[in-house]
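Report on the following structure.
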Amino acid sequence: MSENFATWQSALAVQPAGRIARRFRALAEAGEMGLVAYITAGDPSLAATEKIVLAAAEAGADVIELGVPFSDPVADGPTIQRASDRALRSGTTLAGVIELVRRIRANSEVPLVLFSYFNPILQMGLEKFAAAAAAAGADGVLATDLTLEEAVEYRAALQAHGLDTIFLAAPTSTDARLAQIGAASSGFLYVISRAGVTGEREALPADLPALIRRARKFTSLPIAVGFGISLPTHVTVLGGIADAAVVGSALMAEVEKAASTDEAAAAVAERIRVLKSAARTGVSRRSSEAS
Amino acid sequence: MSAIAPMVPDARGRYGRYGGRYVPETLMAPLEELERAYAAARADSSFQAELDSLLHNFAGRPTPLQFAERLSAYLGGPRIYIKREDLLHTGAHKINNALGQGLLVTRMGKKRIIAETGAGQHGVATATVAAKFGLTCTVYMGTEDMERQRLNVFRMRLLGAEVVGVDSGSRTLKDAINEAMRDWVTNVESSHYLLGSVLGAHPYPQIVRDFQKVIGEEARAQIAQAEGRLPDTLIACVGGGSNAIGLFHAFLPDASVRMIGVEAGGRGTTLGEHAARLAAASGFSGARPGVLQGTYTYVLQNFDGQIATTHSVSAGLDYPGVGPEHAWLAEQGRAEYCAVSDAEAVEAARTLARLEGIIPALESAHALAEVIRRAPRMKKDELVILNLSGRGDKDMDILSRYV
């Protein structure tokens with residue numbers, strides 16, 4: 001009886017599918033690859049980010065990752081380092097980014113992931129952070145420098161508030177780690193295309209398809225691939241092997257170049273339209289190859 | 001004060017609640033590889049024998065434990081002994097760890113090493129070891145530190161290392177570590193990150209401590225020889241804290257031995273003006289537990305968890321975090337931590353130069369300043385060991401501005 005009770009209880013504990021899962025399901029049904037857009041929040045201001053995010057969603061971004069700026073972004077290349085600097089100089093805090101989530105949510109149903117280094121979350125307090133992020137309308141959280149081993153309390157806090165926990169899988173991750181990462185993740189699995197920091201690159205690594213296939217063995221979650229993706233050809237290469245492409249530095253380079261918020265929003269939206277168009281054809285190629 | 005058996009860290013790299021491993025996923029595999037390689041090396045007596053030989057023949061160990069006769073008489077307090085790490089090859093204790101990790105790198109089959117440096121002493125030690133072992137070496141250094149420790153930049157380049165200036169943040173040690181981590185995450189297959197202090201993700205704090213604990217092991221035998229008993233007080237400066245842990249470690253089980261770590265008090269107690277992480281009792285603001293560069297420890301930060309800038313006249317102490325084992329020793333009350341100002345450190349360097357004929361590094365001068373401050377309150381038969389972690393040749397530019 002107790003065994004049945006436990007099964008029944010764990011079935012009840014399964015969260016209803018959130019915005020992220022629903023979006024990936026819709027993409028799969030439509031035969032489209034998804035596009036995840038990373039935007040550093042607060043660069044050059046939170047008001048500007050709000051406009052840029054809404055323009056990105058309107059242009060076809062399937063998931064928005066809101067980057068929480070941090071003083072010491074060890075996983076980021078020069079473009080996002082500079083974006084983080086500008087965001088911190090404009091006074092951006094984690095609390096401010098959560099408030100931005102609330103404002104975006106009032107106008108859009110686009111899935112929102114908070115993308116942060118761990119210390120700002122830790123300083124706010126795990127429970128307080130999870131409650132505030134969920135109440136504002138965030139859907140998931142990714143903490144760049146938090147590995148599974150240190151994430152026990154973090155996962156419990158996020159799960160209790162119905163937030164997806166997205167973890168990174170890397171080319172250096174062993175099969176054993178991929179299995180653990182897959183099991184601990186929800187929403188989607190974020191696969192890093194190469195060992196390195198964020199930033200635009202010429203080409204994707206040749207062994208990337210093998211890495212995605214390896215990750216696939218350990219999870220049934222959608223797989224998003226990021227780091228080094230900026231061009232439609234990159235997205236096309238991922239067609240048929242990944243469920244989504246993540247673009248970040250290329251967008252923040254547009255924000256950096258733009259002379260005004262409207263210009264930044266327009267440039268980001270244009271980038272997303274081009275990439276999303278490649279994402280659509282990328283998957284139709286898979287369908288035709290499969291048939 | 002209670003004795004503590006040196007049984008830390010635990011399997012997760014924790015010293016009490018401090019330490020651990022907070023890194024991007026890409027670095028987990030190389031950290032696990034390093035942990036395995038280090039465990040194998042530790043179990044291999046030929047590794048230790050080879051390291052001992054290098055420490056003796058190349059670095060100049062053992063270093064003397066010198067009775068500071070004129071300084072002791074001048075202060076009129078305790079009997080002060082100086083552990084002369086400044087006499088080592090390359091001029092500081094940093095060579096102990098650089099040789100140990102360098103030897104480990106050759107066993108791991110990697111051909112390139114990356115290092116960060118603040119004062120330049122760890123950079124010089126790493127460049128030296130790279131030259132000796134035939135490895136390629138890239139050293140990251142904040143541009144502010146390159147300016148104030150110019151001589152060491154030249155030494156590293158003469159030794160064949162590439163020195164890369166880091167222009168982000170406060171352009172000091174923390175920013176150099178960020179850039180070294182970015183290089184490492186990009187070149188994990190070919191490169192080893194030769195971290196220079198008891199900082200970073202597990203197993204670094206343990207590895208660096210183990211390669212530095214020779215300082216205390218020698219000092220323990222030397223003071224027994226000289227005085228026939230244990231010392232009463234150990235004093236060392238604490239940036240990341242490798243020379244302090246190196247001295248303290250062998251004495252941790254000795255409950256009667258008091259341990260004092262001296263941080264950089266800089267030019268004021270407000271956040272941004274100092275680098276005092278554990279000396280909060282002295283009124284320094286901004287430190288609380290947090291995650292920085294791989295480890296959970298006391299970190300100088302603002303309310304929102306953004307890491308603060310720091311200031312110290314000494315580049316080697318100018319860092320917002322502290323080794324997790326120090327955070328734990330502080331919490332246990334096993335070691336106590338205080339801070340000394342820029343001006344006090346410079347004055348202490350002058351005093352030692354004139355009384356003992358030794359020009360200390362500005363880092364080590366912080367520990368000396370605390371000895372000078374406490375001496376009048378100490379008994380004449382008390383025994384103090386001061387760790388003179390490095391020599392002051394590199395600091396001539398800065399000293400000439402003050403003296």
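Identifiers in this document derive from the order of the structure tokens: chains are assigned A, B, ..., residues are numbered from 1 separately in each chain, and ligands are numbered from 1 in order of occurrence.
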Contact residues (chain A, partner chain B, 9 Å, only C-alpha atoms) as a PyMOL selection string = chain A and resi 69-77+81+85+88+93-95+118-124+143-150+167-174+192+194-197
Restricting it to N, CA and C atoms, dump the selection as a CSV table (one decimal), in the first residue's frame.
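The resulting part.csv:
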chain,number,residue,atom,x,y,z
A,69,PRO,N,23.0,40.6,-14.9
A,69,PRO,CA,24.4,40.9,-15.0
A,69,PRO,C,25.2,40.6,-13.7
A,70,PHE,N,26.4,40.2,-13.9
A,70,PHE,CA,27.3,39.9,-12.7
A,70,PHE,C,28.6,40.5,-12.9
A,71,SER,N,29.2,40.9,-11.8
A,71,SER,CA,30.5,41.6,-11.9
A,71,SER,C,31.6,40.7,-12.4
A,72,ASP,N,31.5,39.4,-12.3
A,72,ASP,CA,32.6,38.5,-12.6
A,72,ASP,C,32.1,37.4,-13.5
A,73,PRO,N,31.7,37.7,-14.7
A,73,PRO,CA,31.1,36.6,-15.6
A,73,PRO,C,32.2,35.7,-16.3
A,74,VAL,N,32.6,34.7,-15.5
A,74,VAL,CA,33.8,33.9,-16.0
A,74,VAL,C,33.4,33.0,-17.2
A,75,ALA,N,32.1,32.8,-17.4
A,75,ALA,CA,31.7,31.9,-18.6
A,75,ALA,C,31.5,32.7,-19.8
A,76,ASP,N,31.6,34.1,-19.7
A,76,ASP,CA,31.2,34.9,-20.9
A,76,ASP,C,32.4,35.5,-21.6
A,77,GLY,N,32.3,35.6,-22.9
A,77,GLY,CA,33.3,36.3,-23.7
A,77,GLY,C,33.1,37.8,-23.7
A,81,GLN,N,30.5,40.3,-21.6
A,81,GLN,CA,31.1,41.0,-20.4
A,81,GLN,C,30.8,42.5,-20.5
A,85,ASP,N,28.7,44.8,-17.9
A,85,ASP,CA,29.3,46.1,-17.3
A,85,ASP,C,28.3,47.2,-17.5
A,88,LEU,N,25.3,46.8,-15.2
A,88,LEU,CA,25.6,47.1,-13.8
A,88,LEU,C,25.7,48.6,-13.6
A,93,THR,N,19.8,45.2,-10.8
A,93,THR,CA,20.0,44.2,-9.7
A,93,THR,C,19.1,43.0,-10.1
A,94,LEU,N,19.3,41.9,-9.4
A,94,LEU,CA,18.4,40.8,-9.6
A,94,LEU,C,17.0,41.1,-9.3
A,95,ALA,N,16.8,41.9,-8.2
A,95,ALA,CA,15.4,42.3,-7.9
A,95,ALA,C,14.8,43.1,-9.0
A,118,PHE,N,25.5,32.4,-9.9
A,118,PHE,CA,24.8,31.9,-8.7
A,118,PHE,C,24.8,32.9,-7.5
A,119,ASN,N,25.9,33.7,-7.4
A,119,ASN,CA,26.0,34.5,-6.2
A,119,ASN,C,24.8,35.5,-6.0
A,120,PRO,N,24.4,36.2,-7.0
A,120,PRO,CA,23.2,37.1,-6.8
A,120,PRO,C,22.0,36.4,-6.3
A,121,ILE,N,21.8,35.2,-6.8
A,121,ILE,CA,20.6,34.3,-6.3
A,121,ILE,C,20.8,33.9,-4.9
A,122,LEU,N,22.0,33.5,-4.6
A,122,LEU,CA,22.3,33.1,-3.2
A,122,LEU,C,22.2,34.2,-2.2
A,123,GLN,N,22.6,35.4,-2.6
A,123,GLN,CA,22.5,36.5,-1.7
A,123,GLN,C,21.0,37.0,-1.5
A,124,MET,N,20.2,36.8,-2.5
A,124,MET,CA,18.8,37.1,-2.3
A,124,MET,C,18.2,36.1,-1.4
A,143,ALA,N,21.6,28.7,-13.8
A,143,ALA,CA,22.7,29.3,-13.0
A,143,ALA,C,24.0,28.8,-13.6
A,144,THR,N,24.7,29.7,-14.3
A,144,THR,CA,25.8,29.3,-15.1
A,144,THR,C,26.9,28.5,-14.3
A,145,ASP,N,27.2,29.0,-13.1
A,145,ASP,CA,28.3,28.4,-12.4
A,145,ASP,C,27.8,27.5,-11.2
A,146,LEU,N,26.6,27.0,-11.4
A,146,LEU,CA,26.1,26.1,-10.4
A,146,LEU,C,26.0,24.7,-11.0
A,147,THR,N,26.8,23.8,-10.5
A,147,THR,CA,26.7,22.4,-11.0
A,147,THR,C,25.8,21.6,-10.1
A,148,LEU,N,25.4,20.4,-10.6
A,148,LEU,CA,24.5,19.5,-9.9
A,148,LEU,C,24.8,19.3,-8.5
A,149,GLU,N,26.1,19.1,-8.3
A,149,GLU,CA,26.6,18.7,-6.9
A,149,GLU,C,26.3,19.7,-5.9
A,150,GLU,N,26.2,21.0,-6.3
A,150,GLU,CA,26.0,22.1,-5.3
A,150,GLU,C,24.5,22.6,-5.4
A,167,PHE,N,19.9,23.0,-16.7
A,167,PHE,CA,21.3,22.9,-16.4
A,167,PHE,C,22.1,22.8,-17.8
A,168,LEU,N,23.4,23.1,-17.7
A,168,LEU,CA,24.2,23.1,-18.9
A,168,LEU,C,24.9,21.7,-19.0
A,169,ALA,N,24.9,21.2,-20.2
A,169,ALA,CA,25.7,20.0,-20.6
A,169,ALA,C,26.8,20.5,-21.5
A,170,ALA,N,28.0,20.0,-21.2
A,170,ALA,CA,29.2,20.4,-22.0
A,170,ALA,C,29.9,19.3,-22.8
A,171,PRO,N,30.7,19.7,-23.8
A,171,PRO,CA,31.4,18.6,-24.5
A,171,PRO,C,32.3,17.8,-23.6
A,172,THR,N,32.7,18.3,-22.5
A,172,THR,CA,33.6,17.6,-21.6
A,172,THR,C,32.8,16.7,-20.6
A,173,SER,N,31.4,16.9,-20.6
A,173,SER,CA,30.7,16.1,-19.6
A,173,SER,C,30.7,14.6,-20.0
A,174,THR,N,31.0,13.8,-18.9
A,174,THR,CA,31.0,12.3,-19.2
A,174,THR,C,29.6,11.8,-19.3
A,192,ILE,N,26.1,23.1,-24.4
A,192,ILE,CA,27.2,24.0,-24.9
A,192,ILE,C,27.9,23.4,-26.1
A,194,ARG,N,30.7,24.1,-27.5
A,194,ARG,CA,32.1,23.9,-27.5
A,194,ARG,C,32.6,24.3,-26.1
A,195,ALA,N,33.8,23.7,-25.8
A,195,ALA,CA,34.5,24.2,-24.6
A,195,ALA,C,34.9,25.6,-24.8
A,196,GLY,N,34.5,26.5,-23.9
A,196,GLY,CA,34.9,27.9,-24.1
A,196,GLY,C,33.9,28.8,-23.5
A,197,VAL,N,34.0,30.1,-23.8
A,197,VAL,CA,33.1,31.1,-23.3
A,197,VAL,C,32.1,31.5,-24.4
Please, which residues of region 36-246 of chain A, numbered as in this document, come out strand (DSSP E or B) from DSSP, as a short mmCIF file (atom, residue, chain, number, x, y, z; two decimals) with N, CA and C atoms, in the first residue's frame?
data_model
loop_
_atom_site.label_atom_id
_atom_site.label_comp_id
_atom_site.auth_asym_id
_atom_site.auth_seq_id
_atom_site.Cartn_x
_atom_site.Cartn_y
_atom_site.Cartn_z
N VAL A 36 16.01 30.38 -29.15
CA VAL A 36 16.10 30.94 -27.80
C VAL A 36 16.96 32.19 -27.88
N ALA A 37 16.44 33.31 -27.39
CA ALA A 37 17.18 34.58 -27.46
C ALA A 37 17.66 34.98 -26.08
N TYR A 38 18.98 35.17 -25.95
CA TYR A 38 19.55 35.65 -24.69
C TYR A 38 19.72 37.16 -24.77
N ILE A 39 19.19 37.86 -23.77
CA ILE A 39 19.32 39.32 -23.70
C ILE A 39 19.82 39.69 -22.29
N THR A 40 20.93 40.41 -22.22
CA THR A 40 21.40 40.89 -20.91
C THR A 40 20.44 41.96 -20.41
N VAL A 63 11.80 31.32 -26.79
CA VAL A 63 12.11 31.43 -25.36
C VAL A 63 13.06 32.61 -25.21
N ILE A 64 12.86 33.40 -24.15
CA ILE A 64 13.79 34.50 -23.87
C ILE A 64 14.58 34.13 -22.61
N GLU A 65 15.90 34.21 -22.73
CA GLU A 65 16.75 34.11 -21.54
C GLU A 65 17.13 35.52 -21.13
N LEU A 66 16.72 35.91 -19.93
CA LEU A 66 17.07 37.23 -19.42
C LEU A 66 18.35 37.10 -18.61
N GLY A 67 19.44 37.65 -19.14
CA GLY A 67 20.72 37.57 -18.44
C GLY A 67 20.76 38.53 -17.27
N LEU A 112 9.98 32.71 -20.26
CA LEU A 112 11.10 33.52 -19.75
C LEU A 112 11.97 32.71 -18.80
N VAL A 113 13.26 32.69 -19.10
CA VAL A 113 14.24 32.00 -18.25
C VAL A 113 15.18 33.03 -17.67
N LEU A 114 15.40 32.99 -16.36
CA LEU A 114 16.41 33.85 -15.75
C LEU A 114 17.75 33.14 -15.85
N PHE A 115 18.71 33.85 -16.42
CA PHE A 115 20.03 33.28 -16.70
C PHE A 115 21.03 34.07 -15.86
N SER A 116 21.53 33.44 -14.79
CA SER A 116 22.30 34.20 -13.80
C SER A 116 23.52 33.43 -13.32
N GLY A 140 11.64 29.53 -15.80
CA GLY A 140 12.76 28.67 -15.47
C GLY A 140 13.97 29.49 -15.09
N VAL A 141 14.99 28.78 -14.56
CA VAL A 141 16.22 29.44 -14.13
C VAL A 141 17.41 28.60 -14.58
N LEU A 142 18.45 29.28 -15.04
CA LEU A 142 19.72 28.63 -15.35
C LEU A 142 20.81 29.39 -14.61
N ALA A 143 21.56 28.70 -13.76
CA ALA A 143 22.67 29.33 -13.04
C ALA A 143 23.97 28.79 -13.62
N ASP A 164 11.15 25.75 -13.84
CA ASP A 164 12.02 24.77 -14.48
C ASP A 164 13.48 25.01 -14.08
N THR A 165 14.20 23.92 -13.89
CA THR A 165 15.63 24.01 -13.58
C THR A 165 16.40 23.56 -14.81
N LEU A 168 23.38 23.10 -17.67
CA LEU A 168 24.24 23.05 -18.86
C LEU A 168 24.85 21.67 -19.00
N ALA A 169 24.93 21.19 -20.24
CA ALA A 169 25.72 20.00 -20.58
C ALA A 169 26.84 20.46 -21.49
N LEU A 189 17.18 20.96 -22.06
CA LEU A 189 18.58 20.78 -21.71
C LEU A 189 19.38 21.75 -22.58
N TYR A 190 20.28 22.48 -21.95
CA TYR A 190 21.10 23.46 -22.67
C TYR A 190 22.45 22.81 -22.94
N VAL A 191 22.73 22.50 -24.21
CA VAL A 191 24.01 21.89 -24.56
C VAL A 191 24.96 22.97 -25.08
N ILE A 192 26.12 23.06 -24.45
CA ILE A 192 27.15 24.01 -24.87
C ILE A 192 27.87 23.42 -26.07
N ILE A 223 16.37 19.67 -26.61
CA ILE A 223 17.76 20.09 -26.48
C ILE A 223 17.97 21.42 -27.22
N ALA A 224 18.45 22.41 -26.47
CA ALA A 224 18.81 23.70 -27.07
C ALA A 224 20.33 23.78 -27.10
N VAL A 225 20.88 24.27 -28.20
CA VAL A 225 22.33 24.35 -28.35
C VAL A 225 22.75 25.81 -28.39
N GLY A 226 23.72 26.15 -27.58
CA GLY A 226 24.19 27.52 -27.53
C GLY A 226 25.70 27.62 -27.47
N ALA A 244 16.37 23.41 -30.51
CA ALA A 244 16.41 24.87 -30.51
C ALA A 244 17.86 25.34 -30.58
N ALA A 245 18.02 26.54 -31.11
CA ALA A 245 19.33 27.20 -31.12
C ALA A 245 19.25 28.40 -30.19
N VAL A 246 20.35 28.64 -29.45
CA VAL A 246 20.39 29.80 -28.56
C VAL A 246 21.30 30.85 -29.17
#
In Å, rounded to a single decimal, give me how far CA of Phe24 (chain A) is from CA of Leu158 (chain A).
-> 20.4 Å
With a distance cut-off of 9 Å and only C-alpha atoms, select the neighbouring residues of region 361-376 of chain B, excluding the residue or stretch itself and same-chain residues fewer than 2 positions from it, and output the selection as JSON, numbers by chain.
-> {"B": [72, 75, 76, 77, 78, 80, 86, 92, 119, 235, 236, 237, 238, 239, 260, 261, 262, 263, 264, 313, 314, 315, 316, 317, 338, 339, 340, 341, 342, 344, 345, 346, 347, 348, 349, 352, 359, 378, 379, 384, 386, 387, 388, 389, 390, 391, 392, 393, 394, 395, 399]}
Please identify which residues in region 295-403 of chain B DSSP calls alpha helix (DSSP H) from the backbone, and express them as a ChimeraX atom specification.
-> /B:324-332,342-356,362-374,396-402
Write to file, as a PDB file, in the first residue's frame, the residues of the selection just made, with C-alpha atoms.
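Below is the file again.pdb, written as the result:
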ATOM      1  CA  PRO B 324      37.631  28.576   2.216  1.00  0.00           C
ATOM      2  CA  GLU B 325      39.792  26.830   4.805  1.00  0.00           C
ATOM      3  CA  HIS B 326      40.521  30.221   6.388  1.00  0.00           C
ATOM      4  CA  ALA B 327      36.795  30.991   6.484  1.00  0.00           C
ATOM      5  CA  TRP B 328      36.352  27.700   8.324  1.00  0.00           C
ATOM      6  CA  LEU B 329      39.278  28.250  10.721  1.00  0.00           C
ATOM      7  CA  ALA B 330      37.814  31.675  11.519  1.00  0.00           C
ATOM      8  CA  GLU B 331      34.354  30.237  12.147  1.00  0.00           C
ATOM      9  CA  GLN B 332      35.815  27.558  14.419  1.00  0.00           C
ATOM     10  CA  ASP B 342      48.785  50.376   3.913  1.00  0.00           C
ATOM     11  CA  ALA B 343      50.718  52.882   5.999  1.00  0.00           C
ATOM     12  CA  GLU B 344      51.380  50.416   8.832  1.00  0.00           C
ATOM     13  CA  ALA B 345      52.662  47.830   6.364  1.00  0.00           C
ATOM     14  CA  VAL B 346      55.029  50.270   4.683  1.00  0.00           C
ATOM     15  CA  GLU B 347      56.336  51.419   8.068  1.00  0.00           C
ATOM     16  CA  ALA B 348      56.871  47.806   9.123  1.00  0.00           C
ATOM     17  CA  ALA B 349      58.874  47.117   5.967  1.00  0.00           C
ATOM     18  CA  ARG B 350      61.159  50.034   6.862  1.00  0.00           C
ATOM     19  CA  THR B 351      61.583  48.803  10.405  1.00  0.00           C
ATOM     20  CA  LEU B 352      62.615  45.309   9.351  1.00  0.00           C
ATOM     21  CA  ALA B 353      65.012  46.654   6.727  1.00  0.00           C
ATOM     22  CA  ARG B 354      66.841  48.788   9.279  1.00  0.00           C
ATOM     23  CA  LEU B 355      66.812  46.372  12.198  1.00  0.00           C
ATOM     24  CA  GLU B 356      67.390  43.032  10.522  1.00  0.00           C
ATOM     25  CA  LEU B 362      54.687  44.437   1.182  1.00  0.00           C
ATOM     26  CA  GLU B 363      52.406  41.407   1.627  1.00  0.00           C
ATOM     27  CA  SER B 364      54.656  39.933   4.342  1.00  0.00           C
ATOM     28  CA  ALA B 365      55.086  43.405   5.839  1.00  0.00           C
ATOM     29  CA  HIS B 366      51.403  43.246   6.845  1.00  0.00           C
ATOM     30  CA  ALA B 367      52.138  40.245   9.081  1.00  0.00           C
ATOM     31  CA  LEU B 368      55.167  42.040  10.483  1.00  0.00           C
ATOM     32  CA  ALA B 369      53.093  45.150  11.253  1.00  0.00           C
ATOM     33  CA  GLU B 370      50.767  43.016  13.359  1.00  0.00           C
ATOM     34  CA  VAL B 371      53.756  41.604  15.288  1.00  0.00           C
ATOM     35  CA  ILE B 372      54.915  45.148  15.966  1.00  0.00           C
ATOM     36  CA  ARG B 373      51.422  46.137  17.113  1.00  0.00           C
ATOM     37  CA  ARG B 374      51.020  43.189  19.485  1.00  0.00           C
ATOM     38  CA  MET B 396      60.991  49.198  -4.743  1.00  0.00           C
ATOM     39  CA  ASP B 397      58.832  51.482  -6.907  1.00  0.00           C
ATOM     40  CA  ILE B 398      56.040  51.583  -4.336  1.00  0.00           C
ATOM     41  CA  LEU B 399      58.369  51.841  -1.315  1.00  0.00           C
ATOM     42  CA  SER B 400      60.328  54.670  -2.917  1.00  0.00           C
ATOM     43  CA  ARG B 401      57.122  56.683  -3.140  1.00  0.00           C
ATOM     44  CA  TYR B 402      56.421  56.263   0.594  1.00  0.00           C
TER      45      TYR B 402
END
A:Ala179, A:Leu35, A:Val97, A:Ala55: which is nearest Ser230 (chain A), counting only C-alpha atoms?
-> A:Leu35
Using only C-alpha atoms, which residues sit within 8 Å of Met259 (chain B) once same-chain residues fewer than 5 positions away are excluded, as a list in words?
-> Thr233, Leu234, Ile235, Phe248, Arg334, Ala335 and Glu336 of chain B
Please dump the current selection as a compact mmCIF listing (two decimals), in the first residue's frame; keep N, CA and C atoms.
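again03.txt written:
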# COMPACT_ATOMS: atom_id res chain seq x y z
N THR B 233 52.67 31.77 19.22
CA THR B 233 51.87 32.49 18.22
C THR B 233 52.50 32.36 16.83
N LEU B 234 51.63 32.14 15.85
CA LEU B 234 52.04 32.17 14.44
C LEU B 234 51.37 33.37 13.79
N ILE B 235 52.12 34.08 12.96
CA ILE B 235 51.51 35.22 12.27
C ILE B 235 51.90 35.19 10.79
N PHE B 248 50.35 27.44 9.14
CA PHE B 248 49.43 27.00 10.20
C PHE B 248 49.24 25.48 10.23
N ARG B 334 39.58 28.79 15.50
CA ARG B 334 40.91 28.19 15.60
C ARG B 334 41.99 29.19 15.20
N ALA B 335 41.66 30.03 14.23
CA ALA B 335 42.60 31.10 13.86
C ALA B 335 41.85 32.41 14.00
N GLU B 336 42.59 33.49 14.26
CA GLU B 336 41.94 34.80 14.33
C GLU B 336 42.51 35.68 13.22
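Shell of Gly18 (chain A) at 10 Å, with only C-alpha atoms counted and residues fewer than 4 places along the chain excluded, is Arg22, Arg23, Pro111, Asp139, Gly140, Gly162, Leu163, Asp164, Ser186 and Gly187 of chain A.
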Near Ala125 (chain B), counting only C-alpha atoms, which residues have an atom at most 10 Å away, once you skip same-chain residues fewer than 4 positions from it, shown as a tab-separated table (two decimals) with N, CA and C atoms, in the first residue's frame?
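Result file follows (selection.tsv):
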chain	number	residue	atom	x	y	z
B	59	ALA	N	64.82	24.97	-5.46
B	59	ALA	CA	64.16	26.09	-4.77
B	59	ALA	C	64.93	26.56	-3.54
B	89	HIS	N	64.26	30.44	-4.11
B	89	HIS	CA	64.40	30.79	-5.52
B	89	HIS	C	63.12	31.47	-6.00
B	90	THR	N	63.25	32.52	-6.73
B	90	THR	CA	62.19	33.40	-7.24
B	90	THR	C	61.60	34.33	-6.18
B	91	GLY	N	62.00	34.18	-4.91
B	91	GLY	CA	61.75	35.22	-3.94
B	91	GLY	C	60.50	35.13	-3.08
B	92	ALA	N	59.79	34.02	-3.15
B	92	ALA	CA	58.60	33.89	-2.29
B	92	ALA	C	58.20	32.42	-2.17
B	93	HIS	N	57.27	32.17	-1.25
B	93	HIS	CA	56.79	30.81	-1.02
B	93	HIS	C	56.08	30.23	-2.23
B	94	LYS	N	55.69	31.07	-3.19
B	94	LYS	CA	54.90	30.61	-4.33
B	94	LYS	C	55.57	29.47	-5.10
B	95	ILE	N	56.88	29.40	-5.07
B	95	ILE	CA	57.60	28.36	-5.81
B	95	ILE	C	57.26	26.95	-5.27
B	96	ASN	N	56.94	26.83	-3.98
B	96	ASN	CA	56.59	25.51	-3.41
B	96	ASN	C	55.44	24.88	-4.17
B	97	ASN	N	54.39	25.67	-4.38
B	97	ASN	CA	53.19	25.19	-5.05
B	97	ASN	C	53.41	25.07	-6.56
B	98	ALA	N	54.14	26.02	-7.13
B	98	ALA	CA	54.37	25.98	-8.59
B	98	ALA	C	55.14	24.72	-8.96
B	99	LEU	N	56.13	24.35	-8.15
B	99	LEU	CA	56.89	23.12	-8.44
B	99	LEU	C	56.00	21.89	-8.29
B	115	ALA	N	48.34	30.71	-15.67
B	115	ALA	CA	48.34	31.17	-14.29
B	115	ALA	C	47.82	32.60	-14.22
B	117	THR	N	48.27	36.13	-11.74
B	117	THR	CA	49.18	36.64	-10.72
B	117	THR	C	48.73	38.02	-10.26
B	120	GLY	N	52.76	39.25	-8.84
B	120	GLY	CA	53.70	38.76	-9.83
B	120	GLY	C	54.56	37.62	-9.31
B	121	GLN	N	54.52	37.36	-7.99
B	121	GLN	CA	55.37	36.30	-7.44
B	121	GLN	C	54.92	34.92	-7.90
B	129	VAL	N	58.94	27.53	-13.37
B	129	VAL	CA	58.67	26.09	-13.44
B	129	VAL	C	58.40	25.66	-14.89
B	130	ALA	N	57.70	26.51	-15.64
B	130	ALA	CA	57.43	26.20	-17.05
B	130	ALA	C	58.74	26.09	-17.82
B	131	ALA	N	59.65	27.03	-17.57
B	131	ALA	CA	60.95	26.99	-18.26
B	131	ALA	C	61.70	25.72	-17.86
B	155	ARG	N	60.50	39.98	-15.50
B	155	ARG	CA	61.07	38.66	-15.14
B	155	ARG	C	60.32	37.53	-15.83
B	156	MET	N	58.99	37.60	-15.81
B	156	MET	CA	58.19	36.53	-16.44
B	156	MET	C	58.50	36.43	-17.93
B	159	LEU	N	61.73	34.87	-18.68
B	159	LEU	CA	61.67	33.41	-18.48
B	159	LEU	C	60.89	32.71	-19.60
B	196	GLY	N	47.39	29.79	-7.97
B	196	GLY	CA	48.49	30.10	-7.06
B	196	GLY	C	48.14	30.23	-5.60
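For Ser45 (chain A), the set of protein, DNA and RNA residues having any atom at most 10 Å away, when counting only C-alpha atoms and skipping those fewer than 3 positions along the same chain, is Thr40, Ala41, Gly42, Ala48, Thr49, Glu50, Arg86, Ala87, Leu88, Arg89, Ser90, Gly91, Thr92 and Thr261 of chain A.
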